[in-house]
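**Q** Pasting run.cif here (mmCIF, C-alpha atoms):
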```
data_data
loop_
_atom_site.label_atom_id
_atom_site.label_comp_id
_atom_site.auth_asym_id
_atom_site.auth_seq_id
_atom_site.Cartn_x
_atom_site.Cartn_y
_atom_site.Cartn_z
CA MET Y 1 11.47 -7.98 -5.52
CA ASP Y 2 14.85 -6.80 -6.71
CA ALA Y 3 14.62 -3.66 -4.58
CA MET Y 4 13.65 -5.63 -1.48
CA ASN Y 5 16.46 -8.15 -2.04
CA ALA Y 6 18.90 -5.27 -2.49
CA MET Y 7 17.73 -3.79 0.81
CA TYR Y 8 18.44 -7.07 2.58
CA GLU Y 9 21.69 -7.45 0.58
CA ILE Y 10 20.85 -10.97 -0.59
CA GLU Y 11 20.78 -12.76 -3.92
CA GLU Y 12 17.49 -14.10 -5.27
CA ALA Y 13 17.45 -17.91 -4.95
CA ARG Y 14 13.82 -18.73 -5.77
CA PRO Y 15 13.11 -20.51 -9.06
CA THR Y 16 12.13 -18.25 -11.95
CA TRP Y 17 8.59 -19.65 -12.22
CA LYS Y 18 8.01 -19.03 -8.52
CA ARG Y 19 9.35 -15.48 -8.76
CA TYR Y 20 7.12 -14.64 -11.72
CA LEU Y 21 4.04 -16.24 -10.20
CA LEU Y 22 4.62 -14.46 -6.91
CA SER Y 23 5.26 -11.12 -8.62
CA VAL Y 24 2.11 -11.37 -10.73
CA LEU Y 25 -0.07 -12.38 -7.77
CA LEU Y 26 1.38 -9.67 -5.53
CA SER Y 27 1.09 -7.05 -8.25
CA LEU Y 28 -2.53 -7.85 -8.98
CA GLY Y 29 -3.50 -8.23 -5.34
CA THR Y 30 -1.73 -5.10 -4.15
CA ALA Y 31 -2.98 -3.05 -7.08
CA ALA Y 32 -6.55 -4.20 -6.43
CA LEU Y 33 -6.31 -3.39 -2.71
CA LEU Y 34 -4.69 0.00 -3.24
CA LEU Y 35 -7.00 1.03 -6.08
CA PHE Y 36 -10.00 0.02 -4.01
CA ALA Y 37 -8.60 2.09 -1.15
CA LEU Y 38 -8.06 5.07 -3.46
CA ALA Y 39 -11.60 4.70 -4.81
CA LEU Y 40 -12.87 4.61 -1.24
CA ILE Y 41 -10.98 7.83 -0.50
CA VAL Y 42 -12.21 9.59 -3.63
CA PHE Y 43 -15.76 8.25 -3.90
CA GLY Y 44 -16.40 7.17 -0.30
CA PRO Y 45 -18.42 10.20 0.81
CA HIS Y 46 -20.54 10.15 -2.36
CA LEU Y 47 -21.11 6.40 -2.03
CA GLY Y 48 -22.08 6.76 1.63
CA ALA Y 49 -24.55 9.53 0.82
CA ALA Y 50 -26.06 7.53 -2.04
CA VAL Y 51 -26.46 4.39 0.07
CA GLY Y 52 -27.85 6.39 2.98
CA ASP Y 53 -30.44 8.05 0.73
CA THR Y 54 -31.36 4.76 -0.95
CA VAL Y 55 -31.76 2.85 2.30
CA GLY Y 56 -33.54 5.76 3.91
CA LEU Y 57 -31.17 6.29 6.83
CA GLY Y 58 -29.89 9.62 5.53
CA SER Y 59 -27.45 11.53 7.71
CA ALA Y 60 -27.18 8.83 10.41
CA PHE Y 61 -25.80 6.32 7.90
CA LEU Y 62 -23.54 8.97 6.36
CA LEU Y 63 -22.05 9.77 9.76
CA LEU Y 64 -21.51 6.06 10.51
CA TRP Y 65 -20.04 5.52 7.04
CA ASN Y 66 -17.58 8.41 7.43
CA VAL Y 67 -16.40 7.01 10.77
CA VAL Y 68 -16.15 3.34 9.73
CA GLN Y 69 -14.61 3.97 6.30
CA TRP Y 70 -11.23 5.12 7.64
CA PRO Y 71 -10.37 2.16 9.91
CA VAL Y 72 -11.42 -0.23 7.13
CA LEU Y 73 -9.28 1.68 4.67
CA PHE Y 74 -6.32 1.74 7.06
CA CYS Y 75 -6.54 -2.04 7.67
CA GLU Y 76 -6.84 -2.76 3.96
CA VAL Y 77 -3.73 -0.76 3.11
CA PHE Y 78 -1.90 -2.34 6.07
CA LEU Y 79 -2.72 -5.76 4.63
CA ALA Y 80 -1.42 -4.81 1.19
CA PHE Y 81 1.83 -3.38 2.53
CA SER Y 82 2.37 -6.25 5.00
CA LEU Y 83 1.95 -8.84 2.25
CA VAL Y 84 4.48 -7.07 0.05
CA TYR Y 85 6.95 -6.68 2.93
CA TYR Y 86 6.62 -10.36 3.80
CA PHE Y 87 6.64 -12.07 0.39
CA THR Y 88 8.90 -9.97 -1.84
CA PRO Y 89 12.32 -10.34 -0.20
CA ASP Y 90 13.84 -13.81 -0.47
CA VAL Y 91 14.34 -14.10 3.29
CA GLU Y 92 12.83 -16.27 5.98
CA GLN Y 93 10.84 -14.08 8.33
CA ARG Y 94 7.74 -14.07 10.45
CA PHE Y 95 4.65 -12.33 9.09
CA ARG Y 96 4.15 -9.02 10.86
CA TRP Y 97 0.82 -7.33 10.44
CA VAL Y 98 2.17 -4.14 11.98
CA SER Y 99 5.72 -2.79 11.92
CA LEU Y 100 7.14 0.70 12.23
CA GLY Y 101 7.90 0.81 8.50
CA SER Y 102 4.39 -0.24 7.57
CA ILE Y 103 2.83 2.27 10.00
CA ILE Y 104 4.82 5.13 8.50
CA ALA Y 105 4.34 3.93 4.90
CA VAL Y 106 0.58 3.47 5.31
CA THR Y 107 0.24 6.87 6.95
CA LEU Y 108 2.30 8.55 4.21
CA TRP Y 109 0.33 6.72 1.51
CA LEU Y 110 -3.02 7.74 2.97
CA VAL Y 111 -1.94 11.38 3.34
CA PHE Y 112 -0.59 11.37 -0.23
CA SER Y 113 -3.79 9.76 -1.56
CA VAL Y 114 -6.04 12.24 0.22
CA LEU Y 115 -3.97 15.21 -0.96
CA LEU Y 116 -3.90 13.94 -4.55
CA SER Y 117 -7.65 13.30 -4.38
CA LEU Y 118 -8.26 16.85 -3.15
CA TYR Y 119 -6.05 18.28 -5.89
CA VAL Y 120 -7.67 16.27 -8.66
CA SER Y 121 -11.22 16.99 -7.53
CA ASN Y 122 -10.79 20.69 -6.73
CA PHE Y 123 -7.97 22.13 -8.81
CA GLY Y 124 -7.58 19.92 -11.83
CA PHE Y 125 -9.34 20.90 -15.04
CA PHE Y 126 -7.69 18.17 -17.03
CA ASN Y 127 -10.46 17.48 -19.54
CA ALA Y 128 -10.34 20.94 -20.99
CA THR Y 129 -6.59 21.02 -21.44
CA TYR Y 130 -5.21 17.56 -21.92
CA GLY Y 131 -8.14 15.22 -22.31
CA SER Y 132 -7.82 11.59 -21.32
CA LEU Y 133 -4.02 11.71 -21.46
CA ALA Y 134 -4.05 13.64 -18.17
CA GLY Y 135 -5.79 10.74 -16.45
CA VAL Y 136 -3.05 8.36 -17.54
CA VAL Y 137 -0.33 10.75 -16.39
CA ILE Y 138 -2.00 11.26 -13.00
CA PHE Y 139 -2.40 7.49 -12.59
CA LEU Y 140 1.29 6.90 -13.40
CA PHE Y 141 2.27 9.68 -10.99
CA TYR Y 142 0.15 8.02 -8.32
CA ILE Y 143 1.66 4.57 -8.93
CA TYR Y 144 5.22 5.96 -8.87
CA TRP Y 145 4.78 7.75 -5.55
CA SER Y 146 2.88 4.82 -4.03
CA ALA Y 147 5.76 2.50 -4.90
CA LEU Y 148 8.30 4.97 -3.50
CA ILE Y 149 6.35 5.24 -0.24
CA MET Y 150 6.16 1.44 -0.03
CA LEU Y 151 9.92 1.16 -0.52
CA ILE Y 152 10.56 3.75 2.18
CA GLY Y 153 8.59 1.64 4.63
CA ALA Y 154 10.42 -1.53 3.56
CA GLU Y 155 13.79 0.14 4.01
CA MET Y 156 12.77 1.30 7.47
CA ASN Y 157 11.76 -2.27 8.38
CA GLN Y 158 15.06 -3.65 7.09
CA VAL Y 159 17.16 -1.09 8.94
CA ILE Y 160 15.28 -1.70 12.18
CA GLU Y 161 15.56 -5.46 11.75
CA GLY Y 162 19.28 -5.19 11.07
CA HIS Y 163 19.88 -3.23 14.26
CA ILE Y 164 17.91 -5.29 16.78
CA PRO Y 165 19.63 -8.26 18.46
CA GLU Y 166 17.13 -10.79 17.01
CA GLY Y 167 17.46 -9.36 13.48
CA LYS Y 168 19.34 -10.56 10.43
CA ASN Y 169 22.93 -9.80 9.54
CA GLU Y 170 23.72 -8.46 6.07
CA GLY Y 171 23.04 -11.13 3.45
CA GLU Y 172 21.46 -13.54 5.95
CA LYS Y 173 18.30 -15.22 4.69
CA THR Y 174 17.03 -17.10 7.73
CA ILE Y 175 16.01 -16.21 11.23
CA ASP Y 176 17.42 -18.09 14.19
CA ALA Y 177 15.66 -21.34 15.12
CA ASP Y 178 15.36 -20.36 18.80
CA GLN Y 179 13.03 -17.47 18.05
#
```
Can I see the file as structure tokens?
**A**
Amino acid sequence: MDAMNAMYEIEEARPTWKRYLLSVLLSLGTAALLLFALALIVFGPHLGAAVGDTVGLGSAFLLLWNVVQWPVLFCEVFLAFSLVYYFTPDVEQRFRWVSLGSIIAVTLWLVFSVLLSLYVSNFGFFNATYGSLAGVVIFLFYIYWSALIMLIGAEMNQVIEGHIPEGKNEGEKTIDADQ
């Protein structure tokens, strides 16, 4: 919230209880959505194959699963990012499901998640060297870069909004009533 308010160059005016409640709900909700998305990236093909074998549809279900999984994943991550971009800054704004910042941030996050998944599953022999500590370090690395990617998208949205005629001026919290 502080980073988003700094981007919009405004002071936080919400009551403390509201800020904490909002931050806890957004943290839990976003973490759940993004971790589910990461699990879908990592375990999606295995889950699709297992369900296809169990149901008896085999390769037809696996093909359908591999096609449908990515739009669902993309929409889920879009929802998480859009909620954060809408609720965290203390500004009045319309909810936008899709913005240029969210498109770029979601794309970067998905590419980063896929690359990290490939690295961990193919090149990482963490159990032999570091044990369970490596899992914690990889998770923290993932959270750090996910947050950075989310902030890059938010900054892009703020810069774009500040440069369009209908956008906000520096430090302005509300949008015009005629919009």
**Q** Name the residues in contact with Y:Phe74 at a cut-off of 9 Å, using only C-alpha atoms, excluding same-chain residues fewer than 2 positions from it; report them as a PyMOL selection string.
**A** chain Y and resi 37+69-72+76-79+106-107+110
**Q** At what distance in Å, to one decimal, does atom CA of Y:Thr30 lie from atom CA of Y:Val91?
**A**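 Computing it gives 19.9 Å between the two atoms.
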**Q** Select, from Y:Leu25, Y:Val68, Y:Leu73, Y:Leu34, the residue with the minimum atom-to-atom distance to Y:Met150, counting all atoms listed in the file.
**A**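 Residue with the minimum atom-to-atom distance to Y:Met150: Y:Leu34.
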**Q** With only C-alpha atoms as the counted atoms, please give the residues lying no more than 12 Å from Y:Ser121, apart from itself and same-chain residues fewer than 6 positions off, as a list in words.
**A**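 Counting only C-alpha atoms, the residues come to Ile41, Val42, Phe43, Ser113, Val114 and Leu115 of chain Y.
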**Q** Choose the residue, out of Y:Ala105, Y:Leu83, Y:Leu140, Y:Ala134, that has the smallest atom-to-atom separation from Y:Leu22; count only C-alpha atoms.
**A**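 Nearest candidate to Y:Leu22 out of Y:Ala105, Y:Leu83, Y:Leu140, Y:Ala134: Y:Leu83.
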